[in-house]
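Structure data follow from data.cif (mmCIF, C-alpha atoms):
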data_my_file
loop_
_atom_site.label_atom_id
_atom_site.label_comp_id
_atom_site.auth_asym_id
_atom_site.auth_seq_id
_atom_site.Cartn_x
_atom_site.Cartn_y
_atom_site.Cartn_z
CA MET A 45 0.00 0.00 0.00
CA GLN A 46 2.87 2.31 0.90
CA ALA A 47 4.59 1.39 -2.37
CA PHE A 48 1.39 2.14 -4.26
CA SER A 49 1.11 5.65 -2.85
CA PHE A 50 4.73 6.67 -3.36
CA ILE A 51 4.76 5.41 -6.94
CA VAL A 52 1.55 7.36 -7.68
CA ARG A 53 3.00 10.48 -6.05
CA ARG A 54 6.17 10.15 -8.12
CA GLU A 55 4.17 9.80 -11.36
CA LEU A 56 2.15 12.92 -10.50
CA ARG A 57 5.31 14.85 -9.68
CA LEU A 58 6.88 13.78 -12.98
CA ALA A 59 3.74 14.86 -14.85
CA LEU A 60 3.80 18.22 -13.08
CA ARG A 61 7.33 18.83 -14.35
CA ARG A 62 6.39 17.68 -17.85
CA LYS A 63 2.99 19.33 -18.21
CA GLY A 64 2.97 19.20 -22.02
CA ASP A 65 2.29 15.46 -22.15
CA VAL A 66 -0.83 15.71 -20.01
CA LEU A 67 -2.14 18.88 -21.64
CA ASN A 68 -1.64 17.47 -25.16
CA VAL A 69 -4.06 14.64 -24.44
CA LEU A 70 -6.69 16.89 -22.88
CA VAL A 71 -6.45 19.47 -25.69
CA PHE A 72 -6.68 16.68 -28.29
CA PHE A 73 -9.88 15.43 -26.63
CA VAL A 74 -11.46 18.90 -26.46
CA VAL A 75 -10.51 19.79 -30.05
CA VAL A 76 -11.75 16.53 -31.60
CA ALA A 77 -15.04 16.62 -29.67
CA SER A 78 -15.54 20.29 -30.54
CA LEU A 79 -14.93 19.85 -34.27
CA PHE A 80 -18.02 17.67 -34.77
CA PRO A 81 -20.68 20.31 -34.00
CA LEU A 82 -18.87 22.66 -36.36
CA GLY A 83 -18.79 20.07 -39.15
CA VAL A 84 -22.30 18.67 -38.69
CA GLY A 85 -24.14 21.97 -38.35
CA PRO A 86 -26.49 23.46 -35.74
CA GLU A 87 -29.36 20.95 -36.00
CA ALA A 88 -30.03 20.44 -32.25
CA ASN A 89 -31.79 17.05 -32.41
CA GLN A 90 -29.06 15.57 -34.57
CA LEU A 91 -26.35 16.92 -32.23
CA ARG A 92 -28.03 15.58 -29.12
CA ALA A 93 -28.36 12.14 -30.70
CA MET A 94 -24.67 11.89 -31.61
CA ALA A 95 -23.20 13.67 -28.55
CA ALA A 96 -22.40 10.65 -26.37
CA GLY A 97 -20.89 8.64 -29.23
CA VAL A 98 -18.62 11.46 -30.33
CA VAL A 99 -17.44 12.30 -26.82
CA TRP A 100 -16.74 8.65 -26.06
CA ILE A 101 -14.85 8.09 -29.33
CA ALA A 102 -12.77 11.19 -28.67
CA ALA A 103 -12.02 9.82 -25.19
CA LEU A 104 -10.91 6.44 -26.63
CA LEU A 105 -8.61 8.13 -29.15
CA ALA A 106 -7.17 10.41 -26.48
CA ALA A 107 -6.48 7.38 -24.30
CA VAL A 108 -4.69 5.60 -27.16
CA LEU A 109 -2.65 8.75 -27.76
CA SER A 110 -1.49 8.81 -24.14
CA LEU A 111 -0.81 5.10 -23.64
CA PRO A 112 2.57 4.62 -25.39
CA ARG A 113 4.23 6.83 -22.78
CA LEU A 114 2.91 4.77 -19.86
CA PHE A 115 5.97 2.50 -19.68
CA ALA A 116 8.24 3.80 -22.45
CA ALA A 117 10.12 6.47 -20.46
CA ASP A 118 10.73 4.16 -17.49
CA HIS A 119 11.85 1.44 -19.88
CA ALA A 120 14.32 3.72 -21.66
CA ASP A 121 16.08 5.05 -18.57
CA GLY A 122 16.23 1.77 -16.65
CA THR A 123 13.66 2.62 -13.97
CA LEU A 124 11.40 -0.22 -15.08
CA GLU A 125 14.29 -2.67 -14.69
CA GLN A 126 14.83 -1.42 -11.14
CA MET A 127 11.12 -1.83 -10.42
CA LEU A 128 11.30 -5.45 -11.58
CA VAL A 129 14.29 -6.35 -9.40
CA SER A 130 12.91 -4.45 -6.39
CA PRO A 131 11.15 -6.26 -3.53
CA GLN A 132 7.85 -4.57 -4.50
CA PRO A 133 5.33 -6.88 -6.17
CA LEU A 134 5.20 -6.00 -9.86
CA ALA A 135 1.39 -5.96 -9.75
CA VAL A 136 1.51 -3.08 -7.25
CA VAL A 137 3.89 -1.15 -9.51
CA VAL A 138 1.64 -1.69 -12.54
CA LEU A 139 -1.53 -0.79 -10.60
CA ALA A 140 0.09 2.38 -9.27
CA LYS A 141 1.24 3.46 -12.71
CA THR A 142 -2.22 2.68 -14.11
CA ALA A 143 -3.92 4.67 -11.36
CA ALA A 144 -1.64 7.63 -12.01
CA HIS A 145 -2.37 7.36 -15.74
CA TRP A 146 -6.09 7.58 -15.02
CA LEU A 147 -5.67 10.53 -12.66
CA LEU A 148 -3.73 12.36 -15.38
CA THR A 149 -5.85 11.46 -18.45
CA GLY A 150 -9.17 9.74 -17.67
CA LEU A 151 -10.20 11.99 -14.81
CA PRO A 152 -9.50 15.33 -16.60
CA LEU A 153 -11.31 14.05 -19.71
CA ALA A 154 -14.34 13.03 -17.67
CA LEU A 155 -14.44 16.39 -15.89
CA ALA A 156 -14.15 18.27 -19.20
CA ALA A 157 -16.90 16.21 -20.87
CA PRO A 158 -19.94 18.07 -19.42
CA VAL A 159 -18.56 21.33 -20.87
CA ILE A 160 -18.15 19.61 -24.25
CA GLY A 161 -21.70 18.24 -23.87
CA LEU A 162 -23.08 21.80 -23.75
CA GLN A 163 -21.94 22.29 -27.36
CA TYR A 164 -24.28 19.42 -28.26
CA ASP A 165 -27.23 20.96 -26.42
CA LEU A 166 -27.40 18.08 -23.92
CA PRO A 167 -29.82 18.73 -21.01
CA ALA A 168 -28.60 18.48 -17.40
CA GLY A 169 -29.73 14.86 -16.82
CA PRO A 170 -27.85 13.30 -19.74
CA LEU A 171 -24.84 15.53 -18.95
CA GLY A 172 -24.69 13.95 -15.51
CA VAL A 173 -24.97 10.46 -16.98
CA LEU A 174 -22.19 11.29 -19.48
CA LEU A 175 -19.95 12.33 -16.59
CA ALA A 176 -20.84 9.19 -14.61
CA SER A 177 -20.25 6.88 -17.59
CA LEU A 178 -16.84 8.45 -18.21
CA LEU A 179 -15.88 8.22 -14.54
CA ILE A 180 -16.68 4.50 -14.53
CA GLY A 181 -15.47 3.77 -18.06
CA THR A 182 -12.15 5.63 -18.37
CA PRO A 183 -10.40 3.52 -15.67
CA VAL A 184 -11.14 0.52 -17.91
CA LEU A 185 -9.27 2.29 -20.73
CA SER A 186 -6.25 2.78 -18.44
CA LEU A 187 -6.33 -0.81 -17.14
CA LEU A 188 -6.69 -2.58 -20.50
CA GLY A 189 -4.45 0.06 -22.11
CA ALA A 190 -1.67 -0.74 -19.64
CA ALA A 191 -1.66 -4.33 -20.87
CA GLY A 192 -1.47 -3.10 -24.48
CA ALA A 193 1.30 -0.64 -23.64
CA ALA A 194 3.30 -3.38 -21.93
CA LEU A 195 2.82 -5.76 -24.87
CA THR A 196 4.07 -3.20 -27.41
CA LEU A 197 6.95 -1.98 -25.24
CA GLY A 198 10.14 -1.66 -27.26
CA VAL A 199 8.42 -2.57 -30.55
CA ARG A 200 9.23 -0.27 -33.44
CA GLY A 201 6.10 1.63 -34.51
CA GLY A 202 4.53 0.41 -31.29
CA GLY A 203 2.13 3.36 -31.13
CA ALA A 204 0.12 2.31 -34.18
CA LEU A 205 0.20 -1.32 -33.11
CA LEU A 206 -1.03 -0.31 -29.65
CA GLY A 207 -4.06 1.37 -31.23
CA LEU A 208 -4.89 -1.72 -33.28
CA LEU A 209 -4.49 -3.89 -30.20
CA VAL A 210 -6.53 -1.97 -27.63
CA LEU A 211 -9.25 -0.20 -29.64
CA PRO A 212 -11.17 -3.47 -30.25
CA LEU A 213 -10.94 -4.19 -26.51
CA PHE A 214 -12.48 -0.79 -25.82
CA VAL A 215 -15.61 -1.54 -27.90
CA PRO A 216 -17.81 -2.76 -24.99
CA VAL A 217 -16.93 0.36 -22.99
CA LEU A 218 -17.86 2.53 -25.97
CA VAL A 219 -21.16 0.71 -26.55
CA PHE A 220 -22.35 0.83 -22.94
CA GLY A 221 -20.84 4.22 -22.11
CA ALA A 222 -22.47 5.97 -25.05
CA GLY A 223 -25.56 3.77 -24.65
CA ALA A 224 -26.13 5.02 -21.11
CA VAL A 225 -26.38 8.63 -22.28
CA THR A 226 -28.46 7.86 -25.36
CA SER A 227 -30.95 5.81 -23.33
CA THR A 228 -31.40 8.72 -20.89
CA LEU A 229 -32.25 10.97 -23.84
CA ILE A 230 -35.16 8.70 -24.82
CA GLY A 231 -36.33 8.36 -21.24
CA ILE A 232 -34.87 4.97 -20.27
CA ASN A 233 -33.12 4.53 -16.91
CA PRO A 234 -29.35 4.29 -17.62
CA SER A 235 -28.54 2.19 -14.53
CA ALA A 236 -28.35 -1.08 -16.50
CA HIS A 237 -25.71 0.40 -18.82
CA LEU A 238 -23.77 1.89 -15.92
CA SER A 239 -23.89 -1.40 -13.98
CA LEU A 240 -22.44 -3.22 -16.97
CA LEU A 241 -19.68 -0.60 -17.21
CA GLY A 242 -18.99 -1.25 -13.53
CA ALA A 243 -18.76 -4.98 -14.26
CA PHE A 244 -16.23 -4.29 -17.04
CA LEU A 245 -14.24 -2.19 -14.59
CA ALA A 246 -14.17 -5.06 -12.09
CA VAL A 247 -13.10 -7.61 -14.70
CA SER A 248 -10.48 -5.38 -16.31
CA SER A 249 -8.95 -4.49 -12.94
CA LEU A 250 -8.06 -8.17 -12.63
CA ILE A 251 -7.13 -8.96 -16.23
CA GLY A 252 -5.35 -5.72 -17.17
CA PRO A 253 -2.61 -5.63 -14.49
CA TRP A 254 -2.10 -9.40 -14.70
CA ALA A 255 -1.52 -9.25 -18.47
CA ALA A 256 0.65 -6.14 -18.13
CA CYS A 257 2.89 -7.84 -15.52
CA ALA A 258 3.41 -10.88 -17.73
CA ALA A 259 4.14 -8.70 -20.77
CA LEU A 260 6.62 -6.52 -18.85
CA ARG A 261 8.56 -9.58 -17.67
CA VAL A 262 8.84 -10.74 -21.28
CA ALA A 263 9.76 -7.25 -22.55
CA LEU A 264 12.65 -6.99 -20.09
CA ASP A 265 13.93 -10.56 -20.54
CA MET B 208 24.49 -18.45 -0.38
CA LEU B 209 24.35 -17.62 -4.09
CA GLU B 210 25.06 -20.54 -6.37
CA THR B 211 24.55 -21.43 -9.99
CA THR B 212 24.34 -24.94 -11.35
CA ALA B 213 25.04 -25.73 -15.01
CA LEU B 214 23.90 -22.22 -15.95
CA ALA B 215 23.61 -21.51 -19.67
CA CYS B 216 22.37 -18.36 -21.37
CA GLU B 217 21.32 -17.51 -24.89
CA ARG B 218 20.71 -14.21 -26.62
CA GLY B 219 18.70 -14.24 -29.85
CA GLY B 220 19.37 -17.96 -30.29
CA LEU B 221 23.13 -17.54 -29.82
CA ARG B 222 24.61 -19.57 -26.95
CA LEU B 223 26.75 -17.19 -24.87
CA PHE B 224 28.02 -19.56 -22.20
CA SER B 225 27.03 -22.88 -20.71
CA ASP B 226 27.79 -25.13 -17.75
CA LEU B 227 28.65 -22.24 -15.49
CA ASP B 228 28.97 -23.34 -11.86
CA PHE B 229 30.01 -21.15 -8.99
CA ALA B 230 29.05 -20.48 -5.39
CA LEU B 231 29.46 -17.28 -3.41
CA GLU B 232 29.76 -17.12 0.37
CA PRO B 233 29.69 -14.01 2.60
CA GLY B 234 32.73 -11.82 1.92
CA ASP B 235 33.29 -13.20 -1.59
CA LEU B 236 34.04 -11.07 -4.61
CA LEU B 237 33.46 -12.44 -8.08
CA ARG B 238 34.78 -10.60 -11.11
CA VAL B 239 33.22 -11.48 -14.44
CA ARG B 240 35.55 -10.94 -17.35
CA GLY B 241 35.21 -11.47 -21.05
CA ALA B 242 35.35 -9.78 -24.43
CA ASN B 243 32.52 -7.56 -25.72
CA GLY B 244 29.45 -9.69 -26.30
CA SER B 245 30.72 -12.64 -24.26
CA GLY B 246 27.65 -12.48 -22.01
CA LYS B 247 28.77 -10.54 -18.93
CA THR B 248 25.67 -8.35 -18.81
CA THR B 249 23.44 -11.32 -19.61
CA LEU B 250 24.98 -13.26 -16.72
CA LEU B 251 24.33 -10.39 -14.32
CA ARG B 252 20.77 -9.94 -15.56
CA THR B 253 20.23 -13.67 -15.13
CA LEU B 254 21.58 -13.52 -11.57
CA ALA B 255 19.22 -10.59 -10.93
CA GLY B 256 16.28 -12.67 -12.15
CA LEU B 257 15.53 -10.44 -15.16
CA THR B 258 16.62 -12.84 -17.88
CA ARG B 259 15.60 -16.46 -17.80
CA PRO B 260 18.50 -18.91 -18.25
CA ALA B 261 18.43 -21.32 -21.22
CA ALA B 262 19.44 -24.11 -18.85
CA GLY B 263 20.49 -24.57 -15.25
CA GLU B 264 19.40 -22.41 -12.35
CA VAL B 265 20.35 -19.72 -9.86
CA ARG B 266 19.77 -20.50 -6.19
CA TRP B 267 19.85 -18.25 -3.14
CA ARG B 268 20.15 -19.80 0.32
CA GLY B 269 19.34 -23.10 -1.34
CA ASN B 270 16.05 -21.94 -2.88
CA ALA B 271 15.11 -20.81 -6.36
CA ILE B 272 15.33 -16.99 -6.54
CA GLY B 273 12.07 -15.23 -5.65
CA ASP B 274 10.57 -12.45 -3.57
CA GLU B 275 12.82 -13.04 -0.55
CA TYR B 276 15.89 -12.87 -2.79
CA ARG B 277 14.94 -9.47 -4.22
CA ARG B 278 14.94 -8.01 -0.71
CA GLU B 279 18.57 -9.05 -0.26
CA MET B 280 19.87 -8.12 -3.70
CA LEU B 281 20.89 -4.89 -5.38
CA PHE B 282 21.29 -4.80 -9.14
CA LEU B 283 22.76 -1.80 -10.97
CA GLY B 284 22.72 -2.23 -14.72
CA HIS B 285 23.96 -0.08 -17.59
CA ALA B 286 20.96 2.24 -17.47
CA ALA B 287 21.29 4.66 -14.57
CA ALA B 288 17.54 4.70 -13.74
CA VAL B 289 17.89 8.43 -13.08
CA LYS B 290 14.95 10.60 -14.19
CA ASP B 291 15.82 13.90 -15.87
CA GLU B 292 12.81 15.70 -14.39
CA LEU B 293 13.60 14.83 -10.77
CA THR B 294 16.42 16.25 -8.68
CA VAL B 295 19.36 14.07 -7.73
CA SER B 296 18.10 13.57 -4.17
CA GLU B 297 14.52 12.88 -5.33
CA ASN B 298 15.88 10.21 -7.65
CA LEU B 299 17.83 8.60 -4.83
CA GLU B 300 14.90 8.85 -2.45
CA PHE B 301 12.66 6.99 -4.89
CA ALA B 302 15.32 4.32 -5.46
CA ALA B 303 15.61 3.86 -1.70
CA ARG B 304 11.85 3.64 -1.17
CA ILE B 305 11.28 1.11 -3.91
CA SER B 306 14.05 -1.05 -2.46
CA CYS B 307 12.58 -0.75 1.06
CA LEU B 308 15.69 1.10 2.32
CA ASP B 309 15.84 4.01 4.76
CA ALA B 310 14.87 7.07 2.68
CA SER B 311 15.24 9.74 5.39
CA ALA B 312 16.64 13.08 4.21
CA SER B 313 19.80 12.75 6.31
CA ASN B 314 20.49 9.27 4.97
CA ILE B 315 20.07 10.49 1.39
CA ARG B 316 22.41 13.42 2.06
CA ASP B 317 25.05 11.13 3.56
CA ALA B 318 24.85 8.80 0.56
CA LEU B 319 25.35 11.70 -1.87
CA GLU B 320 28.22 12.88 0.33
CA ASP B 321 29.83 9.43 0.04
CA LEU B 322 29.87 9.75 -3.74
CA GLY B 323 31.05 13.37 -3.64
CA ILE B 324 27.89 14.84 -5.18
CA ALA B 325 26.23 16.37 -2.09
CA ARG B 326 26.21 19.84 -3.68
CA LEU B 327 24.22 18.50 -6.67
CA GLY B 328 21.37 17.23 -4.48
CA ASP B 329 18.83 19.86 -5.54
CA LEU B 330 19.83 19.93 -9.19
CA PRO B 331 17.45 18.38 -11.76
CA ALA B 332 19.23 15.32 -13.14
CA ARG B 333 19.00 16.60 -16.72
CA TYR B 334 21.93 18.94 -16.01
CA LEU B 335 24.23 16.12 -14.88
CA SER B 336 27.24 15.01 -16.90
CA GLN B 337 27.64 11.34 -17.79
CA GLY B 338 29.98 10.72 -14.87
CA GLN B 339 27.81 12.63 -12.39
CA ARG B 340 24.80 10.61 -13.52
CA LYS B 341 26.73 7.42 -12.89
CA ARG B 342 27.69 8.69 -9.43
CA ALA B 343 24.04 9.48 -8.72
CA ALA B 344 23.12 5.91 -9.63
CA LEU B 345 25.95 4.46 -7.55
CA ALA B 346 24.88 6.50 -4.51
CA ARG B 347 22.49 3.61 -3.92
CA LEU B 348 25.49 1.55 -2.83
CA ALA B 349 25.99 3.88 0.11
CA LEU B 350 22.35 3.28 1.11
CA SER B 351 22.59 -0.50 0.84
CA PRO B 352 25.23 -1.73 3.30
CA GLY B 353 22.64 -4.13 4.73
CA VAL B 354 21.77 -5.62 1.34
CA ALA B 355 23.66 -8.92 1.17
CA LEU B 356 24.34 -9.27 -2.55
CA TRP B 357 25.45 -6.55 -4.94
CA LEU B 358 25.35 -7.17 -8.69
CA LEU B 359 27.16 -4.33 -10.46
CA ASP B 360 27.42 -4.09 -14.22
CA GLU B 361 30.41 -1.94 -15.23
CA PRO B 362 30.28 0.22 -12.10
CA PHE B 363 33.51 2.02 -12.97
CA ALA B 364 32.60 3.05 -16.52
CA ALA B 365 32.54 6.85 -17.03
CA LEU B 366 33.92 7.51 -13.53
CA ASP B 367 37.00 9.63 -12.76
CA ASP B 368 39.84 8.39 -10.53
CA GLU B 369 38.41 9.96 -7.39
CA ALA B 370 34.98 8.35 -7.90
CA ILE B 371 36.55 4.99 -8.73
CA LEU B 372 38.38 5.14 -5.41
CA ARG B 373 35.19 6.02 -3.52
CA VAL B 374 33.21 3.20 -5.17
CA SER B 375 35.94 0.61 -4.61
CA GLU B 376 36.11 1.64 -0.95
CA LEU B 377 32.34 1.17 -0.64
CA CYS B 378 32.70 -2.26 -2.24
CA ALA B 379 35.57 -3.23 0.08
CA ALA B 380 33.58 -2.10 3.14
CA HIS B 381 30.60 -4.13 1.93
CA LEU B 382 32.75 -7.26 1.54
CA ALA B 383 34.44 -6.71 4.90
CA ALA B 384 31.00 -6.59 6.51
CA GLY B 385 30.17 -10.00 5.07
CA GLY B 386 28.47 -8.90 1.87
CA MET B 387 28.83 -10.51 -1.54
CA LEU B 388 29.70 -8.76 -4.76
CA VAL B 389 29.56 -9.76 -8.40
CA LEU B 390 30.88 -7.20 -10.85
CA THR B 391 31.78 -6.92 -14.48
CA SER B 392 34.55 -4.56 -15.41
CA HIS B 393 37.07 -4.03 -18.16
CA GLN B 394 39.41 -2.22 -15.80
CA ASP B 395 41.21 -4.09 -13.05
CA ILE B 396 40.28 -1.95 -10.08
CA PRO B 397 41.77 -3.27 -6.85
CA ILE B 398 39.14 -4.11 -4.22
CA ALA B 399 40.19 -5.55 -0.88
CA ALA B 400 38.44 -8.89 -0.44
CA VAL B 401 38.93 -12.04 1.59
CA ASP B 402 38.20 -14.27 -1.35
CA ALA B 403 38.40 -12.67 -4.80
CA ARG B 404 37.75 -14.83 -7.79
CA ALA B 405 37.35 -14.20 -11.47
CA ILE B 406 35.55 -16.05 -14.19
CA GLU B 407 36.31 -15.57 -17.83
CA LEU B 408 33.42 -15.93 -20.25
CA ARG B 409 34.29 -17.21 -23.70
CA GLY B 410 31.91 -17.38 -26.62
#
How does the structure come out when it is put into structure tokens?
Amino acid sequence: MQAFSFIVRRELRLALRRKGDVLNVLVFFVVVASLFPLGVGPEANQLRAMAAGVVWIAALLAAVLSLPRLFAADHADGTLEQMLVSPQPLAVVVLAKTAAHWLLTGLPLALAAPVIGLQYDLPAGPLGVLLASLLIGTPVLSLLGAAGAALTLGVRGGGALLGLLVLPLFVPVLVFGAGAVTSTLIGINPSAHLSLLGAFLAVSSLIGPWAACAALRVALD
Amino acid sequence: MLETTALACERGGLRLFSDLDFALEPGDLLRVRGANGSGKTTLLRTLAGLTRPAAGEVRWRGNAIGDEYRREMLFLGHAAAVKDELTVSENLEFAARISCLDASASNIRDALEDLGIARLGDLPARYLSQGQRKRAALARLALSPGVALWLLDEPFAALDDEAILRVSELCAAHLAAGGMLVLTSHQDIPIAAVDARAIELRG
């Protein structure tokens, strides 16, 4: 537990001294999600119908953009090697790095989403559901993404490969995340969608770190 | 304590060495020699548990190496594991914490003092020279007198005479206190040891 908290604190401190990386991802998300209303035109019904899908897709792409850096820097300077030979369980290291990744990408995206939603003329109720779906769904992106980042560590052109690898895994999150908001718009209770997102979060919090640990051991062999 | 039986390692399908047997007891120093590419780094990484051997095994206190072993082992590889964005003392503090060593401010300062880089403590590591970076990495040695086994890959590379002296003194003190040391080096730096041995790796 102690190891978890000092690794998270270190990641946050590193991000604070390298703000560009974090801001790039957030700005990418805001720009992509804001381009759609401009391209589609001011038809309010159409915008409301597509809002959740666009915001969620922008969130997935932003996550893929941020993932290659999750382990790459620590791999290059030897920190990852030291983490592997340290007495700390590797799963704790991976979970801490994943948690820090979410705090630095998923959480800011989720908090920015309601502001984006205003551009799509979303009423308050669906805006809240959009925020909730992102808060539950974006940790899944970090957890499964960590496994993808570990698998493509040290591979040339790993960024593109990472996208091909993890985007299909993100499909259920996209379907139920966007589905929750869309169902609210037509008057259906979104709790079923959100519960399923929660189930994905539970499953991926087991599978993601486990796969990432195995992949890291292979990458550093 | 540390022993290998019929150890063999491969890199990319190429057999580097095989049938390597040795045993280290407290106070022992083992120098690993060999030409470039003869497998010195691979041997150290195998002893650290990073690389899996092609055959044979590494044992610690009679058991296969595992979690308990990592508590009693320090491995310093080619990469310094020093982050540009963090200061020298922040880097050392993190290294100490992850290895479950005492990371108090005074301990960190003393360790930097031992390597002659105390005045660089608050400097972001990106401004360090190659040799200073190496010293910052080696400052972990000064924090780890209680860690039984040191595995050092080319610890003297990029160091000046003064730093070489400081590091060899740390190594000698570690051995005198009953520690074990395995190191690869192209230079023959004298280190006082009860039992110093060398193995030569040939392709």
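Across A:Met45, A:Leu82, A:Arg54, A:Gly252, the tightest approach to Asn298 in chain B is made by A:Arg54 when counting only C-alpha atoms.
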TODO: For the structure provided, state which residues fall under the PyMOL selection byres ((chain B and resi 315-326) around 8), and present them as a list in words.
DONE: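 In the shown coordinates, the PyMOL selection byres ((chain B and resi 315-326) around 8) covers Ser296, Leu299, Glu300, Ala310, Ser311, Ala312, Ser313, Asn314, Leu327, Gly328, Asp329, Gln339, Arg342, Ala343, Leu345, Ala346, Arg347, Ala349, Leu350, Ala370, Arg373 and Val374 of chain B.
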Open item on the list: Can you pull out the residues contacting range 246-259 of chain B? Cut-off 10 Å, using only C-alpha atoms, and skip same-chain residues under 4 positions away; I want them as an MDAnalysis selection string.
Closed with: (chainID A and resid 125:126 128:130 261:265) or (chainID B and resid 209:211 214:218 222:224 227 238:242 263:267 272:273 276:277 280:285 356:361 389:392 406:410)
Open item on the list: One number please: CA of Arg61 in chain A to CA of Leu293 in chain B, in Å, one decimal.
Closed with: 8.3 Å
Open item on the list: Just the number, please: distance in Å from CA of Arg404 in chain B to CA of Leu237 in chain B, one decimal.
Closed with: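 Between these atoms lies a distance of 4.9 Å.
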Task: the PyMOL selection byres ((chain A and resi 185-196) around 6) resolved against shown file, as a PyMOL selection string - done: chain A and resi 112+142+146+182-184+197+199+202+206+252+255-256+259-260
Open item on the list: With only C-alpha atoms as the counted atoms, please give the residues lying no more than 7 Å from range 363-368 of chain B, apart from itself and same-chain residues fewer than 3 positions off, as an MDAnalysis selection string.
Closed with: chainID B and resid 337:338 371:372
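Those residues returned by the PyMOL selection byres ((chain A and resi 119) around 10) for this file are Arg113, Leu114, Phe115, Ala116, Ala117, Asp118, Ala120, Asp121, Gly122, Thr123, Leu124, Glu125, Gln126, Leu197, Gly198, Leu260, Ala263 and Leu264 of chain A; Ala286 and Ala288 of chain B.
Our summary of the geometry notes that CA of Ala88 in chain A is positioned 15.0 Å from CA of Ala168 in chain A.
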TODO: Give as an NGL selection string each residue that has an atom at most 10 Å from (-4.9, 15.9, -24.6) in the file, counting only C-alpha atoms.
DONE: :A and (64-76 or 103 or 105-107 or 109-110 or 148-149 or 152-153)
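With distances taken over all atoms listed in the file, A:Ser49 is the one residue among A:Ser249, A:Ser239, A:Asn89, A:Ser49 lying closest to chain B.
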- [ ] Choose the residue, out of A:Met127, A:Val52, A:Leu238, A:Leu111, that has the smallest atom-to-atom separation from chain B; count only C-alpha atoms.
- [x] A:Met127
Residues within 9 Å of Ala400 in chain B, all atoms listed in the file, excluding chain neighbours under 2 positions, as a CSV table (one decimal) with C-alpha atoms, in the coordinates of the input:
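Result file is around_30.csv:
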chain,number,residue,atom,x,y,z
B,234,GLY,CA,32.7,-11.8,1.9
B,235,ASP,CA,33.3,-13.2,-1.6
B,236,LEU,CA,34.0,-11.1,-4.6
B,378,CYS,CA,32.7,-2.3,-2.2
B,379,ALA,CA,35.6,-3.2,0.1
B,382,LEU,CA,32.8,-7.3,1.5
B,383,ALA,CA,34.4,-6.7,4.9
B,398,ILE,CA,39.1,-4.1,-4.2
B,402,ASP,CA,38.2,-14.3,-1.4
B,403,ALA,CA,38.4,-12.7,-4.8
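Nearest residue to chain A, choosing from B:Ser245, B:Arg340, B:Asn270, B:Thr212 and counting all atoms listed in the file: B:Arg340.
Distances from A:Ile101, A:Met94, A:Leu178, A:Pro133 to chain B were compared using only C-alpha atoms, and the smallest one belongs to A:Pro133.
Shortest separation to chain A among B:Val295, B:Ala302, B:Met387, B:Ala213 occurs at residue B:Ala302, atoms counted being all atoms listed in the file.
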